[in-house]
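Okay, so here's the structure we're looking at.
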Amino acid sequence: MLLGVRGSTPAPGSDYIRYGGHTSCVAVLADGAATPTLLMDAGTGLRSLSGLLGSEPFRGSILLSHLHWDHVEGLPFSRAVDHDDARVDLHVPAQDGVSPRDLLARMFSPPSFPIEPEGLLGAWQFLPDPASPSSIEEFEVTAVEINHKGGRTLGYRVATDSGSFAYLPDHAPSQGIAPDVWNLIDGVDVLLHDAQFTEAERPLSDLYGHATVEETVEIAAKAGVGQLVLFHHSPVRTDDQLDRILELVESPSPLPIVVAREGMRIAVGG
Ligand SMILES: [Zn+2]
Ligand SMILES: [Zn+2]
């Protein structure tokens with residue numbers, strides 16, 4: 001379930017209601033599960049996790065793609081994870097030989113923030129990249145380093161016996177796509193991919209290390225994915241503009257494509 005679909009910064013206001021203004025966060029439910037045990041990123045969309053869990057705590061793992069604000073800012077603002085009975089295994093992409101805890105503390109400690117990571121309630125583990133592949137909760141997870149800007153960034157493939165998806169919310173394909181990244185996304189049932197810019201905005205896309213809608217569609221078609229989810233929308237892309245974003249894709253579309261929307265549930269595989 002998509003809890004936040006924006007990039008860079010939240011987008012509040014009447015022009016952003018239908019697609020939603022929260023930044024990147026995806027809740028993943030195992031087959032037959034009533035509640036999520038895996039979260040992709042922890043942007044401000046994480047605040048909506050309480051709506052899925054009621055008053056219950058989150059008990060599971062969070063995989064961060066990278067440490068930009070829009071992917072971590074929700075961590076201290078979700079009652080579901082900041083809860084006495086929560087259990088959170090938080091995987092932080094390694095950077096510069098600094099421990100996962102200390103990387104978080106660069107953002108979450110005074111004077112930037114009132115508390116340090118240890119101030120979060122519940123049982124937290126601050127962990128590095130997951131080994132690839134590894135079993136995390138009910139899922140087999142593979143992580144691969146991908147091109148972006150400003151810090152090490154991971155793309156993920158998450159699979160069960162019944163299906164697979166890949167998650168690359170911030171990705172600069174114009175800097176090159178390594179063979180292991182092609183392998184990561186090859187043939188997944190669902191690909192959630194950076195679509196922050198358009199080809200008409202190519203200079204901005206290259207400047208900030210992102211992807212365009214058009215190149216994302218091309219990559220997804222080449223990788224033979226089952227369904228593409230255009231994700232990580234620009235915070236200035238209005239609902240009306242997102243309604244028309246698929247007009248940029250050639251007709252007929254080379255594969256099924258949906259535009260990520262907050263609250264959207266996406267079935268993966270059979
Ligand atoms: Zn981002
Ligand atoms: Zn980023």
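Ordered as shown in the structure tokens, chains take letters A, B, and onward, while each chain numbers its residues from 1 and ligands are numbered from 1 in the order shown.
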Could you list, as a PyMOL selection string, every residue within 6 Å of Ala42 of chain A, counting only C-alpha atoms and ignoring same-chain residues fewer than 4 positions away?
chain A and resi 25+46+71-72+74-75
Residues just named, written with N, CA and C atoms as a CSV table (one decimal), in the first residue's frame:
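Produced file part_25.csv, reproduced below:
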chain,number,residue,atom,x,y,z
A,25,CYS,N,6.9,6.4,1.2
A,25,CYS,CA,6.8,5.3,2.1
A,25,CYS,C,5.8,4.3,1.5
A,46,LEU,N,4.9,7.7,6.4
A,46,LEU,CA,4.9,6.8,7.5
A,46,LEU,C,3.9,7.2,8.6
A,71,HIS,N,13.0,10.6,2.6
A,71,HIS,CA,12.9,9.2,2.8
A,71,HIS,C,13.0,8.8,4.3
A,72,VAL,N,13.3,9.7,5.2
A,72,VAL,CA,13.5,9.4,6.6
A,72,VAL,C,12.7,10.3,7.5
A,74,GLY,N,9.7,10.8,8.2
A,74,GLY,CA,8.5,10.3,9.0
A,74,GLY,C,8.9,9.5,10.2
A,75,LEU,N,10.2,9.1,10.3
A,75,LEU,CA,10.6,8.1,11.4
A,75,LEU,C,10.1,8.5,12.8
Write out as a list in words each polymer residue whose atoms come within 7 Å of Ala195 of chain A, counting only C-alpha atoms; drop sequence neighbours fewer than 4 positions from it.
Ala211, Thr212, Val213, Thr216, Leu230, Phe231, His232 and His233 of chain A
Would you save the residues from that selection as a PDB file, in the first residue's frame, using C-alpha atoms?
ATOM      1  CA  ALA A 211      14.599   9.917 -13.797  1.00  0.00           C
ATOM      2  CA  THR A 212      12.058  11.144 -16.313  1.00  0.00           C
ATOM      3  CA  VAL A 213       8.692   9.563 -16.960  1.00  0.00           C
ATOM      4  CA  THR A 216      11.322   5.134 -16.784  1.00  0.00           C
ATOM      5  CA  LEU A 230       5.269   5.969 -11.658  1.00  0.00           C
ATOM      6  CA  PHE A 231       6.496   7.039  -8.213  1.00  0.00           C
ATOM      7  CA  HIS A 232       8.220   9.927  -6.379  1.00  0.00           C
ATOM      8  CA  HIS A 233       6.307  12.720  -8.092  1.00  0.00           C
TER       9      HIS A 233
END
Of the residues A:Pro179, A:Gly43, A:Pro110, A:Pro203, which is the one nearest to Glu73 of chain A, using only C-alpha atoms?
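So, comparing all the options, the nearest one is A:Gly43.
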Please return, as a list in words, all residues of segment 55-220 of chain A that DSSP assigns to alpha helix (DSSP H) on the basis of the backbone.
Pro100, Arg101, Asp102, Leu103, Leu104, Ala105, Pro179, Asp180, Val181, Trp182, Asn183, Leu184, Ile185, Arg202, Pro203, Leu204, Ser205, Asp206, Leu207, Tyr208, Val213, Glu214, Glu215, Thr216, Val217, Glu218, Ile219 and Ala220 of chain A
As a ChimeraX atom specification, please: every protein or nucleic acid residue near ligand 2 (cut-off 7 Å, counting only C-alpha atoms and all ligand atoms).
/A:66,68,148-149,170
Which is closer to ligand 1 than all the others in A:Asp186, A:Asp31, A:Asp194, A:Glu138, using only C-alpha atoms and all ligand atoms?
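For ligand 1, the nearest of the candidates is A:Asp194.
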Write out as an mmCIF file with C-alpha atoms, in the first residue's frame all residues of segment 13-243 of chain A that backbone DSSP assigns to strand (DSSP E).
data_model
loop_
_atom_site.group_PDB
_atom_site.id
_atom_site.type_symbol
_atom_site.label_atom_id
_atom_site.label_comp_id
_atom_site.auth_asym_id
_atom_site.auth_seq_id
_atom_site.Cartn_x
_atom_site.Cartn_y
_atom_site.Cartn_z
ATOM 1 C CA CYS A 25 6.786 5.331 2.130
ATOM 2 C CA VAL A 26 5.355 1.979 1.026
ATOM 3 C CA ALA A 27 3.798 -0.584 3.369
ATOM 4 C CA VAL A 28 4.248 -4.193 2.262
ATOM 5 C CA LEU A 38 7.873 -4.412 5.859
ATOM 6 C CA LEU A 39 8.188 -0.744 4.971
ATOM 7 C CA MET A 40 10.083 0.704 2.042
ATOM 8 C CA ARG A 59 6.471 -4.977 14.309
ATOM 9 C CA GLY A 60 8.765 -5.510 11.350
ATOM 10 C CA SER A 61 11.541 -4.079 9.219
ATOM 11 C CA ILE A 62 12.156 -0.831 7.367
ATOM 12 C CA LEU A 63 14.428 -0.730 4.317
ATOM 13 C CA ARG A 87 9.804 -3.754 17.101
ATOM 14 C CA VAL A 88 11.677 -2.060 14.281
ATOM 15 C CA ASP A 89 14.687 -3.421 12.396
ATOM 16 C CA LEU A 90 15.825 -0.395 10.439
ATOM 17 C CA HIS A 91 18.265 -0.974 7.572
ATOM 18 C CA ALA A 123 12.795 -2.036 20.400
ATOM 19 C CA TRP A 124 14.856 -0.569 17.583
ATOM 20 C CA GLN A 125 17.836 -2.051 15.796
ATOM 21 C CA PHE A 126 19.912 0.186 13.558
ATOM 22 C CA LEU A 127 21.312 -2.110 10.899
ATOM 23 C CA SER A 134 18.558 -12.203 2.602
ATOM 24 C CA SER A 135 15.346 -13.219 4.309
ATOM 25 C CA ILE A 136 13.680 -10.264 5.994
ATOM 26 C CA PHE A 139 10.332 -11.750 2.118
ATOM 27 C CA GLU A 140 13.473 -12.452 0.138
ATOM 28 C CA VAL A 141 15.259 -9.135 -0.295
ATOM 29 C CA THR A 142 18.008 -8.147 -2.710
ATOM 30 C CA ALA A 143 19.664 -4.732 -2.500
ATOM 31 C CA VAL A 144 21.846 -3.174 -5.195
ATOM 32 C CA GLU A 145 23.591 0.187 -5.274
ATOM 33 C CA ILE A 146 22.121 2.540 -7.877
ATOM 34 C CA THR A 153 21.521 4.850 -2.666
ATOM 35 C CA LEU A 154 20.061 1.350 -2.861
ATOM 36 C CA GLY A 155 17.407 -0.159 -5.084
ATOM 37 C CA TYR A 156 15.525 -3.188 -3.752
ATOM 38 C CA ARG A 157 13.873 -6.299 -5.080
ATOM 39 C CA VAL A 158 11.397 -7.953 -2.715
ATOM 40 C CA ALA A 159 10.022 -11.391 -3.528
ATOM 41 C CA THR A 160 7.915 -14.217 -2.190
ATOM 42 C CA GLY A 163 5.404 -12.532 -6.738
ATOM 43 C CA SER A 164 8.066 -9.850 -6.792
ATOM 44 C CA PHE A 165 8.429 -6.103 -6.925
ATOM 45 C CA ALA A 166 11.329 -3.702 -7.248
ATOM 46 C CA TYR A 167 11.607 -0.316 -5.552
ATOM 47 C CA LEU A 168 13.848 2.399 -7.012
ATOM 48 C CA VAL A 190 5.664 -4.601 -10.270
ATOM 49 C CA LEU A 191 8.296 -1.875 -10.573
ATOM 50 C CA LEU A 192 7.964 1.277 -8.448
ATOM 51 C CA HIS A 193 10.326 3.737 -10.067
ATOM 52 C CA ASP A 194 11.421 7.355 -9.893
ATOM 53 C CA GLN A 227 3.387 -3.339 -14.270
ATOM 54 C CA LEU A 228 5.082 0.019 -13.817
ATOM 55 C CA VAL A 229 4.145 2.390 -11.008
ATOM 56 C CA LEU A 230 5.269 5.969 -11.658
ATOM 57 C CA PHE A 231 6.496 7.039 -8.213
#
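Of the listed residues (A:Ala33, A:Ala267, A:Leu64, A:Ala200), A:Ala267 comes nearest to Gly226 of chain A; the distances count only C-alpha atoms.
Restricting the atom set to only C-alpha atoms and all ligand atoms, one finds that the residues within 6 Å of ligand 1 amount to Gly7, Ser8, Asp70 and Asp170 of chain A.
Within the 7 Å cut-off around Ala86 of chain A, using only C-alpha atoms and omitting residues fewer than 4 positions from it on the same chain, the listed residues are A:Pro57, A:Phe58, A:Arg59, A:Val81, A:Asp82, A:Gly122, A:Ala123.
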Create the file for the chosen residues now, containing N, CA and C atoms and written as a PDB file, in the first residue's frame.
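What follows is the written file out37.pdb:
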ATOM      1  N   PRO A  57       1.127  -1.469  17.551  1.00  0.00           N
ATOM      2  CA  PRO A  57       2.461  -1.034  17.126  1.00  0.00           C
ATOM      3  C   PRO A  57       2.885  -1.747  15.841  1.00  0.00           C
ATOM      4  N   PHE A  58       3.821  -1.134  15.113  1.00  0.00           N
ATOM      5  CA  PHE A  58       4.448  -1.816  13.978  1.00  0.00           C
ATOM      6  C   PHE A  58       5.467  -2.799  14.512  1.00  0.00           C
ATOM      7  N   ARG A  59       5.464  -3.981  13.958  1.00  0.00           N
ATOM      8  CA  ARG A  59       6.471  -4.977  14.309  1.00  0.00           C
ATOM      9  C   ARG A  59       7.017  -5.545  13.007  1.00  0.00           C
ATOM     10  N   VAL A  81       5.388   3.344  14.917  1.00  0.00           N
ATOM     11  CA  VAL A  81       6.770   2.893  15.146  1.00  0.00           C
ATOM     12  C   VAL A  81       7.357   3.489  16.427  1.00  0.00           C
ATOM     13  N   ASP A  82       6.893   4.656  16.805  1.00  0.00           N
ATOM     14  CA  ASP A  82       7.355   5.282  18.055  1.00  0.00           C
ATOM     15  C   ASP A  82       6.365   4.874  19.148  1.00  0.00           C
ATOM     16  N   GLY A 122      10.125   1.807  21.942  1.00  0.00           N
ATOM     17  CA  GLY A 122      10.093   0.466  21.366  1.00  0.00           C
ATOM     18  C   GLY A 122      11.485  -0.110  21.197  1.00  0.00           C
ATOM     19  N   ALA A 123      11.528  -1.325  20.597  1.00  0.00           N
ATOM     20  CA  ALA A 123      12.795  -2.036  20.400  1.00  0.00           C
ATOM     21  C   ALA A 123      13.301  -1.781  18.987  1.00  0.00           C
TER      22      ALA A 123
END
For Leu53 of chain A, work out the shell of residues within 10 Å, counting only C-alpha atoms and skipping chain neighbours fewer than 2 positions away, then give it as a PDB file with C-alpha atoms, in the first residue's frame.
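To be explicit, this is the file written out as selection.pdb:
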ATOM      1  CA  ALA A  34      -3.799  -8.201   7.681  1.00  0.00           C
ATOM      2  CA  THR A  35      -1.033  -5.770   8.579  1.00  0.00           C
ATOM      3  CA  PRO A  36       2.309  -4.800   7.026  1.00  0.00           C
ATOM      4  CA  SER A  48      -0.334   7.166   7.853  1.00  0.00           C
ATOM      5  CA  LEU A  49       0.808   3.746   9.065  1.00  0.00           C
ATOM      6  CA  SER A  50      -1.227   4.225  12.233  1.00  0.00           C
ATOM      7  CA  GLY A  51      -4.320   4.250  10.043  1.00  0.00           C
ATOM      8  CA  SER A  55      -3.544   1.556  18.007  1.00  0.00           C
ATOM      9  CA  GLU A  56      -1.308  -1.484  17.417  1.00  0.00           C
ATOM     10  CA  PRO A  57       2.461  -1.034  17.126  1.00  0.00           C
ATOM     11  CA  PHE A  58       4.448  -1.816  13.978  1.00  0.00           C
ATOM     12  CA  ARG A  79       2.786   6.561  16.502  1.00  0.00           C
ATOM     13  CA  ALA A  80       2.968   3.057  15.004  1.00  0.00           C
TER      14      ALA A  80
END
Which one of A:Leu204, A:Ala172, A:Ala220, A:Ile115 sits closest to Leu184 of chain A if you count only C-alpha atoms?
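Of A:Leu204, A:Ala172, A:Ala220, A:Ile115, the one nearest Leu184 of chain A, counting only C-alpha atoms, is A:Ala220.
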Do a neighbour search on Leu248 of chain A at 10 Å with only C-alpha atoms, toss out local chain neighbours closer than 6 positions, and write the hits as a PyMOL selection string.
chain A and resi 198-199+213-214+217
With N, CA and C atoms retained, export the selected residues as a PDB file, in the first residue's frame.
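File produced: again18.pdb:
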ATOM      1  N   THR A 198      10.114  15.065 -16.316  1.00  0.00           N
ATOM      2  CA  THR A 198       9.750  14.673 -17.682  1.00  0.00           C
ATOM      3  C   THR A 198      10.926  15.013 -18.590  1.00  0.00           C
ATOM      4  N   GLU A 199      10.890  14.508 -19.822  1.00  0.00           N
ATOM      5  CA  GLU A 199      11.998  14.825 -20.743  1.00  0.00           C
ATOM      6  C   GLU A 199      12.106  16.334 -20.977  1.00  0.00           C
ATOM      7  N   VAL A 213       9.780  10.506 -16.692  1.00  0.00           N
ATOM      8  CA  VAL A 213       8.692   9.563 -16.960  1.00  0.00           C
ATOM      9  C   VAL A 213       9.016   8.741 -18.210  1.00  0.00           C
ATOM     10  N   GLU A 214       9.459   9.435 -19.241  1.00  0.00           N
ATOM     11  CA  GLU A 214       9.676   8.749 -20.519  1.00  0.00           C
ATOM     12  C   GLU A 214      10.769   7.678 -20.403  1.00  0.00           C
ATOM     13  N   VAL A 217       9.591   4.590 -18.384  1.00  0.00           N
ATOM     14  CA  VAL A 217       8.749   3.672 -19.161  1.00  0.00           C
ATOM     15  C   VAL A 217       9.624   2.802 -20.067  1.00  0.00           C
TER      16      VAL A 217
END
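Taking only C-alpha atoms, the non-local environment of Arg106 of chain A within 10 Å (same-chain residues fewer than 6 positions away omitted) comprises A:Ser112, A:Phe113, A:Glu116, A:Pro117.
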Could the residues in this selection be saved with N, CA and C atoms as a tab-separated table (two decimals), in the first residue's frame?
chain	number	residue	atom	x	y	z
A	112	SER	N	19.53	19.80	15.62
A	112	SER	CA	18.65	19.66	14.45
A	112	SER	C	17.30	19.09	14.82
A	113	PHE	N	17.27	18.25	15.88
A	113	PHE	CA	16.04	17.57	16.26
A	113	PHE	C	16.09	17.32	17.77
A	116	GLU	N	17.66	11.95	20.08
A	116	GLU	CA	18.58	11.10	19.31
A	116	GLU	C	17.84	9.83	18.93
A	117	PRO	N	18.43	8.99	18.04
A	117	PRO	CA	17.72	7.77	17.62
A	117	PRO	C	17.24	6.92	18.79
